[in-house]
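Participant: PDB, C-alpha atoms, file start05.pdb:
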ATOM      1  CA  MET A 369      24.941 -16.408 -38.393
ATOM      2  CA  SER A 370      24.507 -18.584 -35.375
ATOM      3  CA  SER A 371      28.008 -19.959 -35.881
ATOM      4  CA  ILE A 372      29.427 -16.888 -34.147
ATOM      5  CA  LYS A 373      30.126 -17.966 -30.617
ATOM      6  CA  PRO A 374      31.707 -15.716 -28.041
ATOM      7  CA  ARG A 375      34.038 -17.064 -25.377
ATOM      8  CA  VAL A 376      34.821 -15.362 -22.094
ATOM      9  CA  LYS A 377      37.149 -16.304 -19.285
ATOM     10  CA  VAL A 378      36.229 -14.936 -15.860
ATOM     11  CA  PRO A 379      37.894 -16.218 -12.673
ATOM     12  CA  LYS A 380      35.336 -18.301 -10.764
ATOM     13  CA  GLU A 381      36.411 -17.660  -7.201
ATOM     14  CA  VAL A 382      37.753 -14.277  -6.243
ATOM     15  CA  SER A 383      38.293 -12.146  -3.162
ATOM     16  CA  ILE A 384      37.134  -8.593  -2.480
ATOM     17  CA  ASP A 385      39.313  -5.747  -3.818
ATOM     18  CA  GLU A 386      41.135  -8.146  -6.081
ATOM     19  CA  ILE A 387      41.691  -6.866  -9.613
ATOM     20  CA  VAL A 388      40.735  -9.662 -11.947
ATOM     21  CA  GLU A 389      41.477 -10.051 -15.621
ATOM     22  CA  ILE A 390      38.649 -10.787 -18.009
ATOM     23  CA  LYS A 391      39.512 -12.262 -21.382
ATOM     24  CA  THR A 392      37.061 -12.284 -24.252
ATOM     25  CA  LEU A 393      37.223 -13.721 -27.732
ATOM     26  CA  ILE A 394      34.616 -13.870 -30.470
ATOM     27  CA  ARG A 395      34.856 -15.715 -33.746
ATOM     28  CA  HIS A 396      34.149 -13.168 -36.460
ATOM     29  CA  PRO A 397      35.722 -12.528 -39.900
ATOM     30  CA  MET A 398      35.843  -8.695 -39.369
ATOM     31  CA  HIS A 399      35.604  -7.922 -43.104
ATOM     32  CA  SER A 400      37.241  -4.501 -43.339
ATOM     33  CA  GLY A 401      35.630  -3.663 -46.690
ATOM     34  CA  ARG A 402      39.034  -3.673 -48.393
ATOM     35  CA  MET A 403      39.715  -7.339 -48.919
ATOM     36  CA  LYS A 404      38.827  -9.092 -52.160
ATOM     37  CA  ASP A 405      37.424 -12.580 -52.701
ATOM     38  CA  PRO A 406      39.071 -15.005 -55.206
ATOM     39  CA  GLU A 407      36.909 -13.564 -58.041
ATOM     40  CA  GLY A 408      38.259 -10.094 -57.412
ATOM     41  CA  GLN A 409      35.053  -8.750 -55.920
ATOM     42  CA  THR A 410      35.402  -6.551 -52.862
ATOM     43  CA  ILE A 411      33.944  -8.155 -49.775
ATOM     44  CA  PRO A 412      31.606  -5.587 -48.183
ATOM     45  CA  ARG A 413      32.455  -4.308 -44.740
ATOM     46  CA  GLN A 414      31.068  -6.359 -41.904
ATOM     47  CA  ILE A 415      32.669  -6.008 -38.508
ATOM     48  CA  ILE A 416      31.839  -6.102 -34.843
ATOM     49  CA  ASN A 417      31.585  -2.386 -34.113
ATOM     50  CA  SER A 418      30.960  -2.360 -30.386
ATOM     51  CA  PHE A 419      31.644  -4.433 -27.301
ATOM     52  CA  SER A 420      30.290  -3.799 -23.841
ATOM     53  CA  ALA A 421      30.511  -5.428 -20.438
ATOM     54  CA  LYS A 422      27.983  -5.020 -17.657
ATOM     55  CA  PHE A 423      28.235  -6.140 -14.066
ATOM     56  CA  ASN A 424      24.931  -6.604 -12.224
ATOM     57  CA  GLY A 425      23.235  -4.499 -14.875
ATOM     58  CA  LYS A 426      25.653  -1.558 -14.747
ATOM     59  CA  GLU A 427      27.944  -0.869 -17.672
ATOM     60  CA  ILE A 428      31.576  -1.073 -16.614
ATOM     61  CA  PHE A 429      33.426  -1.175 -19.907
ATOM     62  CA  GLN A 430      32.718  -0.349 -23.501
ATOM     63  CA  MET A 431      34.831  -0.439 -26.612
ATOM     64  CA  ASP A 432      34.302   0.852 -30.159
ATOM     65  CA  LEU A 433      35.930  -1.378 -32.746
ATOM     66  CA  GLU A 434      37.062  -0.180 -36.167
ATOM     67  CA  PRO A 435      38.014  -2.156 -39.293
ATOM     68  CA  SER A 436      41.642  -2.065 -38.073
ATOM     69  CA  ILE A 437      40.831  -4.654 -35.398
ATOM     70  CA  SER A 438      41.938  -8.183 -36.296
ATOM     71  CA  THR A 439      39.807 -11.138 -37.261
ATOM     72  CA  ASN A 440      38.346 -12.846 -34.180
ATOM     73  CA  PRO A 441      38.471  -9.813 -31.893
ATOM     74  CA  TYR A 442      40.293 -10.515 -28.654
ATOM     75  CA  ILE A 443      39.724  -8.080 -25.799
ATOM     76  CA  VAL A 444      41.215  -8.209 -22.323
ATOM     77  CA  PHE A 445      40.372  -5.803 -19.511
ATOM     78  CA  GLN A 446      40.437  -5.675 -15.722
ATOM     79  CA  TYR A 447      37.813  -5.317 -13.043
ATOM     80  CA  LYS A 448      38.004  -4.610  -9.332
ATOM     81  CA  VAL A 449      35.867  -7.037  -7.355
ATOM     82  CA  LYS A 450      33.373  -5.629  -4.857
ATOM     83  CA  GLU A 451      30.654  -8.266  -4.689
ATOM     84  CA  SER A 452      29.444 -11.480  -6.252
ATOM     85  CA  GLY A 453      27.425 -11.049  -9.359
ATOM     86  CA  LYS A 454      26.890 -11.617 -13.014
ATOM     87  CA  PHE A 455      28.723 -10.213 -16.015
ATOM     88  CA  ASP A 456      26.811  -9.615 -19.254
ATOM     89  CA  PHE A 457      28.920  -9.240 -22.360
ATOM     90  CA  GLU A 458      27.524  -8.026 -25.645
ATOM     91  CA  TRP A 459      28.979  -7.627 -29.130
ATOM     92  CA  LEU A 460      27.201  -5.640 -31.877
ATOM     93  CA  ASP A 461      27.572  -6.608 -35.514
ATOM     94  CA  ASP A 462      27.342  -4.196 -38.471
ATOM     95  CA  ASN A 463      24.336  -6.177 -39.695
ATOM     96  CA  GLY A 464      22.430  -5.354 -36.522
ATOM     97  CA  GLU A 465      22.884  -8.712 -34.832
ATOM     98  CA  LYS A 466      23.837  -8.999 -31.195
ATOM     99  CA  TYR A 467      25.899 -11.743 -29.652
ATOM    100  CA  SER A 468      25.881 -12.067 -25.910
ATOM    101  CA  ILE A 469      27.097 -14.263 -23.102
ATOM    102  CA  SER A 470      26.801 -14.124 -19.302
ATOM    103  CA  LYS A 471      29.210 -15.289 -16.607
ATOM    104  CA  GLU A 472      28.851 -15.604 -12.838
ATOM    105  CA  MET A 473      31.540 -14.548 -10.420
ATOM    106  CA  ILE A 474      31.482 -15.565  -6.767
ATOM    107  CA  VAL A 475      33.341 -13.844  -3.939
ATOM    108  CA  SER A 476      34.729 -16.394  -1.542
TER
ATOM    109  CA  MET B1255      91.032  -8.358 -33.343
ATOM    110  CA  LYS B1256      87.804  -6.712 -34.345
ATOM    111  CA  LEU B1257      88.422  -3.785 -32.062
ATOM    112  CA  ARG B1258      91.767  -3.117 -33.617
ATOM    113  CA  LYS B1259      90.213  -3.111 -37.048
ATOM    114  CA  LEU B1260      87.631  -0.583 -35.988
ATOM    115  CA  LYS B1261      90.302   1.745 -34.735
ATOM    116  CA  LYS B1262      91.929   1.783 -38.128
ATOM    117  CA  ILE B1263      89.077   3.694 -39.746
ATOM    118  CA  SER B1264      90.658   6.916 -40.832
ATOM    119  CA  ARG B1265      89.130  10.319 -40.413
ATOM    120  CA  ARG B1266      88.438  10.516 -44.154
ATOM    121  CA  ASN B1267      86.657   7.154 -44.127
ATOM    122  CA  ALA B1268      84.600   8.193 -41.170
ATOM    123  CA  LEU B1269      83.486  11.366 -42.894
ATOM    124  CA  GLN B1270      82.560   9.395 -45.990
ATOM    125  CA  LEU B1271      80.513   6.963 -43.911
ATOM    126  CA  ILE B1272      78.670   9.788 -42.218
ATOM    127  CA  ALA B1273      77.899  11.310 -45.603
ATOM    128  CA  VAL B1274      76.480   8.004 -46.886
ATOM    129  CA  PHE B1275      74.305   7.457 -43.827
ATOM    130  CA  SER B1276      72.936  10.972 -43.724
ATOM    131  CA  GLY B1277      72.161  10.637 -47.419
ATOM    132  CA  THR B1278      70.002   7.557 -46.913
ATOM    133  CA  ALA B1279      68.363   9.049 -43.851
ATOM    134  CA  VAL B1280      66.940  11.867 -45.945
ATOM    135  CA  PHE B1281      64.591   9.609 -47.896
ATOM    136  CA  PRO B1282      62.334   8.430 -45.055
ATOM    137  CA  THR B1283      61.777  12.012 -43.941
ATOM    138  CA  ILE B1284      60.188  12.771 -47.307
ATOM    139  CA  SER B1285      57.430  10.238 -46.737
ATOM    140  CA  PHE B1286      57.141  11.379 -43.132
ATOM    141  CA  ALA B1287      56.556  14.943 -44.282
ATOM    142  CA  GLN B1288      53.105  13.942 -45.556
ATOM    143  CA  SER B1289      50.308  14.935 -43.243
ATOM    144  CA  ASN B1290      50.079  12.518 -40.364
ATOM    145  CA  GLN B1291      46.479  11.345 -40.123
ATOM    146  CA  ALA B1292      46.877  10.047 -36.573
ATOM    147  CA  LEU B1293      48.140  13.409 -35.322
ATOM    148  CA  ASP B1294      45.355  15.132 -37.254
ATOM    149  CA  ARG B1295      42.863  12.892 -35.506
ATOM    150  CA  ILE B1296      44.448  13.688 -32.118
ATOM    151  CA  ASN B1297      44.000  17.378 -32.880
ATOM    152  CA  GLU B1298      40.390  16.730 -33.795
ATOM    153  CA  ILE B1299      39.652  14.781 -30.605
ATOM    154  CA  THR B1300      41.401  17.287 -28.343
ATOM    155  CA  ASN B1301      39.817  20.302 -30.124
ATOM    156  CA  GLY B1302      43.245  21.569 -31.101
ATOM    157  CA  LEU B1303      44.506  21.574 -27.523
ATOM    158  CA  GLY B1304      46.877  18.704 -28.145
ATOM    159  CA  ALA B1305      47.998  16.192 -25.571
ATOM    160  CA  THR B1306      50.940  16.082 -23.194
ATOM    161  CA  GLU B1307      53.321  13.257 -23.842
ATOM    162  CA  SER B1308      53.415  11.159 -20.721
ATOM    163  CA  ASP B1309      54.677   7.933 -19.357
ATOM    164  CA  ILE B1310      52.115   5.368 -20.436
ATOM    165  CA  TRP B1311      53.010   1.730 -20.706
ATOM    166  CA  LEU B1312      52.235   0.850 -24.333
ATOM    167  CA  ASP B1313      53.291  -2.628 -25.273
ATOM    168  CA  LEU B1314      53.739  -3.317 -28.969
ATOM    169  CA  PRO B1315      56.117  -5.617 -30.802
ATOM    170  CA  GLU B1316      59.087  -3.813 -32.315
ATOM    171  CA  ILE B1317      58.808  -6.006 -35.381
ATOM    172  CA  ALA B1318      55.471  -7.525 -36.351
ATOM    173  CA  GLU B1319      55.917 -10.458 -38.696
ATOM    174  CA  ASN B1320      52.235 -10.570 -39.501
ATOM    175  CA  GLY B1321      50.404  -7.269 -39.767
ATOM    176  CA  ASN B1322      47.075  -9.046 -39.457
ATOM    177  CA  GLN B1323      47.512  -9.851 -35.781
ATOM    178  CA  VAL B1324      49.462  -7.282 -33.825
ATOM    179  CA  LYS B1325      48.930  -7.467 -30.103
ATOM    180  CA  VAL B1326      48.624  -4.135 -28.337
ATOM    181  CA  SER B1327      48.466  -3.694 -24.551
ATOM    182  CA  PHE B1328      48.532  -0.605 -22.422
ATOM    183  CA  GLU B1329      48.410   0.344 -18.796
ATOM    184  CA  MET B1330      48.153   3.765 -17.228
ATOM    185  CA  ASP B1331      48.753   4.944 -13.713
ATOM    186  CA  SER B1332      45.464   6.303 -12.484
ATOM    187  CA  PRO B1333      43.704   6.164  -9.107
ATOM    188  CA  MET B1334      40.466   5.292 -10.970
ATOM    189  CA  THR B1335      38.162   7.072  -8.524
ATOM    190  CA  GLU B1336      34.954   8.963  -9.322
ATOM    191  CA  THR B1337      36.824  12.285  -9.264
ATOM    192  CA  ASP B1338      39.996  11.177 -11.017
ATOM    193  CA  HIS B1339      39.908   8.460 -13.591
ATOM    194  CA  ILE B1340      40.795   7.803 -17.192
ATOM    195  CA  LYS B1341      37.616   7.941 -19.205
ATOM    196  CA  THR B1342      38.608   7.113 -22.751
ATOM    197  CA  VAL B1343      41.615   5.693 -24.518
ATOM    198  CA  TYR B1344      42.052   5.871 -28.277
ATOM    199  CA  ILE B1345      44.419   3.740 -30.304
ATOM    200  CA  LEU B1346      45.410   5.414 -33.569
ATOM    201  CA  ALA B1347      47.633   4.303 -36.436
ATOM    202  CA  ASP B1348      49.146   6.749 -38.907
ATOM    203  CA  GLY B1349      49.763   4.343 -41.788
ATOM    204  CA  ASN B1350      46.478   2.463 -41.967
ATOM    205  CA  PRO B1351      43.709   3.373 -44.437
ATOM    206  CA  SER B1352      41.888   4.968 -41.491
ATOM    207  CA  PRO B1353      43.645   6.226 -38.347
ATOM    208  CA  ASN B1354      41.031   4.907 -35.911
ATOM    209  CA  VAL B1355      41.747   1.496 -34.439
ATOM    210  CA  ALA B1356      39.769   1.389 -31.214
ATOM    211  CA  LYS B1357      38.190   3.527 -28.549
ATOM    212  CA  PHE B1358      37.981   2.189 -25.004
ATOM    213  CA  SER B1359      35.598   3.670 -22.440
ATOM    214  CA  PHE B1360      36.642   3.026 -18.858
ATOM    215  CA  THR B1361      34.724   3.453 -15.613
ATOM    216  CA  PRO B1362      36.023   3.837 -12.036
ATOM    217  CA  GLU B1363      34.607   0.378 -11.215
ATOM    218  CA  MET B1364      37.370  -1.235 -13.222
ATOM    219  CA  GLY B1365      40.019  -0.333 -10.648
ATOM    220  CA  SER B1366      42.788  -0.071 -13.228
ATOM    221  CA  CYS B1367      43.231   1.405 -16.653
ATOM    222  CA  SER B1368      44.566  -1.415 -18.726
ATOM    223  CA  ALA B1369      43.440  -3.402 -21.743
ATOM    224  CA  THR B1370      44.713  -5.652 -24.515
ATOM    225  CA  THR B1371      43.505  -6.314 -28.033
ATOM    226  CA  ARG B1372      44.804  -7.306 -31.461
ATOM    227  CA  MET B1373      44.924  -5.043 -34.462
ATOM    228  CA  ARG B1374      45.826  -4.909 -38.140
ATOM    229  CA  LEU B1375      48.682  -2.820 -39.458
ATOM    230  CA  SER B1376      49.038  -2.331 -43.196
ATOM    231  CA  LYS B1377      52.702  -1.271 -43.129
ATOM    232  CA  THR B1378      55.514  -0.038 -40.896
ATOM    233  CA  GLN B1379      54.136   2.882 -38.933
ATOM    234  CA  ASN B1380      53.662   4.657 -35.636
ATOM    235  CA  VAL B1381      50.890   3.610 -33.292
ATOM    236  CA  TYR B1382      49.563   6.337 -31.000
ATOM    237  CA  LEU B1383      47.735   6.108 -27.733
ATOM    238  CA  LEU B1384      45.625   9.057 -26.653
ATOM    239  CA  ALA B1385      43.983   9.043 -23.236
ATOM    240  CA  ALA B1386      41.499  11.474 -21.752
ATOM    241  CA  ASN B1387      40.639  11.725 -18.079
ATOM    242  CA  ASN B1388      37.363  12.912 -16.557
ATOM    243  CA  ASN B1389      38.745  16.494 -16.327
ATOM    244  CA  GLU B1390      39.257  16.647 -20.107
ATOM    245  CA  GLN B1391      43.027  16.439 -19.870
ATOM    246  CA  PHE B1392      44.784  14.535 -22.609
ATOM    247  CA  PHE B1393      47.829  12.311 -22.495
ATOM    248  CA  MET B1394      49.586  10.515 -25.289
ATOM    249  CA  THR B1395      52.422   8.261 -26.228
ATOM    250  CA  TYR B1396      53.469   6.397 -29.340
ATOM    251  CA  ALA B1397      55.569   3.506 -30.551
ATOM    252  CA  LYS B1398      56.915   2.482 -33.931
ATOM    253  CA  VAL B1399      56.098  -0.961 -35.279
ATOM    254  CA  LYS B1400      57.952  -2.518 -38.191
ATOM    255  CA  VAL B1401      55.601  -4.660 -40.235
ATOM    256  CA  THR B1402      56.978  -7.435 -42.411
ATOM    257  CA  ILE B1403      53.706  -8.567 -44.038
ATOM    258  CA  GLY B1404      50.920  -6.021 -44.015
ATOM    259  CA  GLY B1405      47.363  -6.659 -42.905
ATOM    260  CA  CYS B1406      44.200  -4.825 -44.033
ATOM    261  CA  GLY B1407      44.075  -6.655 -47.396
ATOM    262  CA  GLY B1408      44.744  -4.741 -50.615
TER
END
Please express the file's structure as C-alpha cells.
Facilitator:
Amino acid sequence: MSSIKPRVKVPKEVSIDEIVEIKTLIRHPMHSGRMKDPEGQTIPRQIINSFSAKFNGKEIFQMDLEPSISTNPYIVFQYKVKESGKFDFEWLDDNGEKYSISKEMIVS
Amino acid sequence: MKLRKLKKISRRNALQLIAVFSGTAVFPTISFAQSNQALDRINEITNGLGATESDIWLDLPEIAENGNQVKVSFEMDSPMTETDHIKTVYILADGNPSPNVAKFSFTPEMGSCSATTRMRLSKTQNVYLLAANNNEQFFMTYAKVKVTIGGCGG
C-alpha cells in the first residue's frame, strides 16, 4: 500500500535548549478487527503497531499502538534541541510493512 | 424570584428528593462493581505494587461527541535527566474491548514528558494514565469521559 503517506511537522529553525514540538500524522485505516464491512464480514485487524523517532541515529521516542488508537494515528511529542541534525521517523504495520520519513532540523 | 421558590422546599420534600436521587445512584455502582480491566492491568504492570495517585496533567474532553476520535494529552513534571526521568507512560481504558490504548517510551533527550494522540472509546468510561520512572516507581491518574457515540465498531 504505497498510498500510505506519513506527514511530520518539525520546526525548521530552532535555538539550543529550546523544547520543540514534533507533530506526526499517518494516513492509515487502523482496522481494529472488530468492525464489519457492508456484507457483514469482519474486517481483519490491521493497525500500525509501533512508531519510533530517531535523532542522528539514536532512538529518542517510541510508542506502542493498540487497536484503541484512532484512524490516521496522530502523535505529538517534544524534543529538547542540542544540535542540528536529522530526525528519522518510522511506523510499523501489522502486515510487516514499514513507512518512514526523515526531516532536517537546523540550529540557528 | 427563583431563590424564593427554592427556599419553599419543605423538609419532607427535601427528604423525598434525597431518597429519589440516592435510589438512582445505586444503579451505576452495580455496573462499576464488575472487575475493572484497567486497574487489573495496572496491577499486572506494577507487579501488584500499585501506583501512587499523583498530580499529572491529563487532558481529556469531559464529553466526547464522537468516540472514534478522542484527543488525549498529558504532561508530567519530571527533570528528565539520566538519573531521574519518566521512562514509560501507559494509557488504559476500562470500558474498551481491551484496556491497552498506548504505551509511550520516553528518553532523557526529550527534555519533557508530554505527548498527545487520539484514541477510540467504545462507551462512557474512565481513562487511566500510568507512568513509570527509571527507578521503577509508579504514578497514576484518571479521568472520566462521557461518550455520546461509541467508537471501536460493533
Participant: Check which residues of chain B sit at most 6 Å from chain A using all atoms listed in the file, and return one row each with the closest pair of atoms and their distance in Å to one decimal, ordered by chain and rising number, as a Markdown table.
Facilitator:
| residue | atom | partner | partner_atom | distance |
| --- | --- | --- | --- | --- |
| B:Gln1323 | CA | A:Ser438 | CA | 5.8 |
| B:Val1355 | CA | A:Ser436 | CA | 5.1 |
| B:Ala1356 | CA | A:Leu433 | CA | 5.0 |
| B:Lys1357 | CA | A:Asp432 | CA | 5.0 |
| B:Phe1358 | CA | A:Met431 | CA | 4.4 |
| B:Ser1359 | CA | A:Gln430 | CA | 5.1 |
| B:Phe1360 | CA | A:Phe429 | CA | 5.4 |
| B:Thr1361 | CA | A:Ile428 | CA | 5.6 |
| B:Met1364 | CA | A:Tyr447 | CA | 4.1 |
| B:Gly1365 | CA | A:Lys448 | CA | 4.9 |
| B:Ala1369 | CA | A:Phe445 | CA | 4.5 |
| B:Thr1370 | CA | A:Val444 | CA | 4.9 |
| B:Thr1371 | CA | A:Ile443 | CA | 4.7 |
| B:Arg1372 | CA | A:Ser438 | CA | 5.7 |
| B:Met1373 | CA | A:Ile437 | CA | 4.2 |
| B:Arg1374 | CA | A:Ser436 | CA | 5.1 |
| B:Gly1407 | CA | A:Met403 | CA | 4.7 |
| B:Gly1408 | CA | A:Met403 | CA | 5.9 |
Participant: For Val475 in chain A, which residue among A:Pro412, A:Pro379, A:Pro374, A:Pro406 is the nearest when counting only C-alpha atoms?
Facilitator: A:Pro379
Participant: Run through the PyMOL selection byres ((chain B and resi 1353) around 10) on the given coordinates and return the selected residues as a ChimeraX atom specification.
Facilitator: /A:434,436 /B:1290-1296,1345-1352,1354-1356,1381-1382
Participant: What gap, in Å, lies between CA of Lys1377 in chain B and CA of Val1399 in chain B?
Facilitator: 8.6 Å
Participant: Pull out every residue that the PyMOL selection byres ((chain B and resi 1304) around 10) matches in the shown coordinates and put them as a PDB file with C-alpha atoms, in the frame of the given file.
Facilitator:
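Result file result-v4.pdb:
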ATOM      1  CA  LEU B1293      48.140  13.409 -35.322  1.00  0.00           C
ATOM      2  CA  ASP B1294      45.355  15.132 -37.254  1.00  0.00           C
ATOM      3  CA  ILE B1296      44.448  13.688 -32.118  1.00  0.00           C
ATOM      4  CA  ASN B1297      44.000  17.378 -32.880  1.00  0.00           C
ATOM      5  CA  GLU B1298      40.390  16.730 -33.795  1.00  0.00           C
ATOM      6  CA  ILE B1299      39.652  14.781 -30.605  1.00  0.00           C
ATOM      7  CA  THR B1300      41.401  17.287 -28.343  1.00  0.00           C
ATOM      8  CA  ASN B1301      39.817  20.302 -30.124  1.00  0.00           C
ATOM      9  CA  GLY B1302      43.245  21.569 -31.101  1.00  0.00           C
ATOM     10  CA  LEU B1303      44.506  21.574 -27.523  1.00  0.00           C
ATOM     11  CA  ALA B1305      47.998  16.192 -25.571  1.00  0.00           C
ATOM     12  CA  THR B1306      50.940  16.082 -23.194  1.00  0.00           C
ATOM     13  CA  GLU B1307      53.321  13.257 -23.842  1.00  0.00           C
ATOM     14  CA  LEU B1384      45.625   9.057 -26.653  1.00  0.00           C
ATOM     15  CA  GLN B1391      43.027  16.439 -19.870  1.00  0.00           C
ATOM     16  CA  PHE B1392      44.784  14.535 -22.609  1.00  0.00           C
ATOM     17  CA  PHE B1393      47.829  12.311 -22.495  1.00  0.00           C
ATOM     18  CA  MET B1394      49.586  10.515 -25.289  1.00  0.00           C
TER      19      MET B1394
END
Participant: Just add N, CA and C atoms to range 1345-1370 of chain B and send it as an mmCIF file, keeping the file's coordinate frame.
Facilitator:
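The resulting file, part-v6.cif, is shown below:
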data_model
loop_
_atom_site.group_PDB
_atom_site.id
_atom_site.type_symbol
_atom_site.label_atom_id
_atom_site.label_comp_id
_atom_site.auth_asym_id
_atom_site.auth_seq_id
_atom_site.Cartn_x
_atom_site.Cartn_y
_atom_site.Cartn_z
ATOM 1 N N ILE B 1345 43.244 4.279 -29.627
ATOM 2 C CA ILE B 1345 44.419 3.740 -30.304
ATOM 3 C C ILE B 1345 44.336 4.219 -31.750
ATOM 4 N N LEU B 1346 45.407 4.864 -32.217
ATOM 5 C CA LEU B 1346 45.410 5.414 -33.569
ATOM 6 C C LEU B 1346 46.656 4.954 -34.311
ATOM 7 N N ALA B 1347 46.508 4.762 -35.627
ATOM 8 C CA ALA B 1347 47.633 4.303 -36.436
ATOM 9 C C ALA B 1347 47.787 5.258 -37.606
ATOM 10 N N ASP B 1348 49.011 5.732 -37.858
ATOM 11 C CA ASP B 1348 49.146 6.749 -38.907
ATOM 12 C C ASP B 1348 49.350 6.191 -40.307
ATOM 13 N N GLY B 1349 49.535 4.875 -40.441
ATOM 14 C CA GLY B 1349 49.763 4.343 -41.788
ATOM 15 C C GLY B 1349 48.655 3.437 -42.288
ATOM 16 N N ASN B 1350 47.599 3.292 -41.537
ATOM 17 C CA ASN B 1350 46.478 2.463 -41.967
ATOM 18 C C ASN B 1350 45.529 3.292 -42.840
ATOM 19 N N PRO B 1351 44.644 2.606 -43.610
ATOM 20 C CA PRO B 1351 43.709 3.373 -44.437
ATOM 21 C C PRO B 1351 42.892 4.377 -43.611
ATOM 22 N N SER B 1352 42.582 4.030 -42.379
ATOM 23 C CA SER B 1352 41.888 4.968 -41.491
ATOM 24 C C SER B 1352 42.644 4.998 -40.162
ATOM 25 N N PRO B 1353 42.816 6.183 -39.560
ATOM 26 C CA PRO B 1353 43.645 6.226 -38.347
ATOM 27 C C PRO B 1353 43.021 5.540 -37.139
ATOM 28 N N ASN B 1354 41.680 5.469 -37.095
ATOM 29 C CA ASN B 1354 41.031 4.907 -35.911
ATOM 30 C C ASN B 1354 41.248 3.407 -35.824
ATOM 31 N N VAL B 1355 41.641 2.936 -34.667
ATOM 32 C CA VAL B 1355 41.747 1.496 -34.439
ATOM 33 C C VAL B 1355 40.715 1.072 -33.398
ATOM 34 N N ALA B 1356 40.720 1.743 -32.258
ATOM 35 C CA ALA B 1356 39.769 1.389 -31.214
ATOM 36 C C ALA B 1356 39.606 2.541 -30.248
ATOM 37 N N LYS B 1357 38.443 2.545 -29.604
ATOM 38 C CA LYS B 1357 38.190 3.527 -28.549
ATOM 39 C C LYS B 1357 37.682 2.756 -27.340
ATOM 40 N N PHE B 1358 38.365 2.890 -26.223
ATOM 41 C CA PHE B 1358 37.981 2.189 -25.004
ATOM 42 C C PHE B 1358 37.337 3.194 -24.048
ATOM 43 N N SER B 1359 36.229 2.814 -23.449
ATOM 44 C CA SER B 1359 35.598 3.670 -22.440
ATOM 45 C C SER B 1359 35.692 2.982 -21.098
ATOM 46 N N PHE B 1360 36.425 3.615 -20.180
ATOM 47 C CA PHE B 1360 36.642 3.026 -18.858
ATOM 48 C C PHE B 1360 35.715 3.648 -17.819
ATOM 49 N N THR B 1361 35.497 2.931 -16.738
ATOM 50 C CA THR B 1361 34.724 3.453 -15.613
ATOM 51 C C THR B 1361 35.535 3.230 -14.338
ATOM 52 N N PRO B 1362 35.262 4.007 -13.284
ATOM 53 C CA PRO B 1362 36.023 3.837 -12.036
ATOM 54 C C PRO B 1362 35.897 2.430 -11.452
ATOM 55 N N GLU B 1363 34.818 1.735 -11.749
ATOM 56 C CA GLU B 1363 34.607 0.378 -11.215
ATOM 57 C C GLU B 1363 35.711 -0.588 -11.626
ATOM 58 N N MET B 1364 36.399 -0.263 -12.709
ATOM 59 C CA MET B 1364 37.370 -1.235 -13.222
ATOM 60 C C MET B 1364 38.633 -1.313 -12.366
ATOM 61 N N GLY B 1365 38.900 -0.273 -11.590
ATOM 62 C CA GLY B 1365 40.019 -0.333 -10.648
ATOM 63 C C GLY B 1365 41.388 -0.137 -11.270
ATOM 64 N N SER B 1366 41.513 -0.328 -12.569
ATOM 65 C CA SER B 1366 42.788 -0.071 -13.228
ATOM 66 C C SER B 1366 42.503 0.287 -14.671
ATOM 67 N N CYS B 1367 43.421 1.010 -15.261
ATOM 68 C CA CYS B 1367 43.231 1.405 -16.653
ATOM 69 C C CYS B 1367 44.174 0.578 -17.504
ATOM 70 N N SER B 1368 43.715 -0.564 -17.916
ATOM 71 C CA SER B 1368 44.566 -1.415 -18.726
ATOM 72 C C SER B 1368 43.708 -2.289 -19.621
ATOM 73 N N ALA B 1369 44.183 -2.545 -20.822
ATOM 74 C CA ALA B 1369 43.440 -3.402 -21.743
ATOM 75 C C ALA B 1369 44.398 -3.956 -22.789
ATOM 76 N N THR B 1370 43.943 -4.999 -23.460
ATOM 77 C CA THR B 1370 44.713 -5.652 -24.515
ATOM 78 C C THR B 1370 43.781 -5.983 -25.659
#
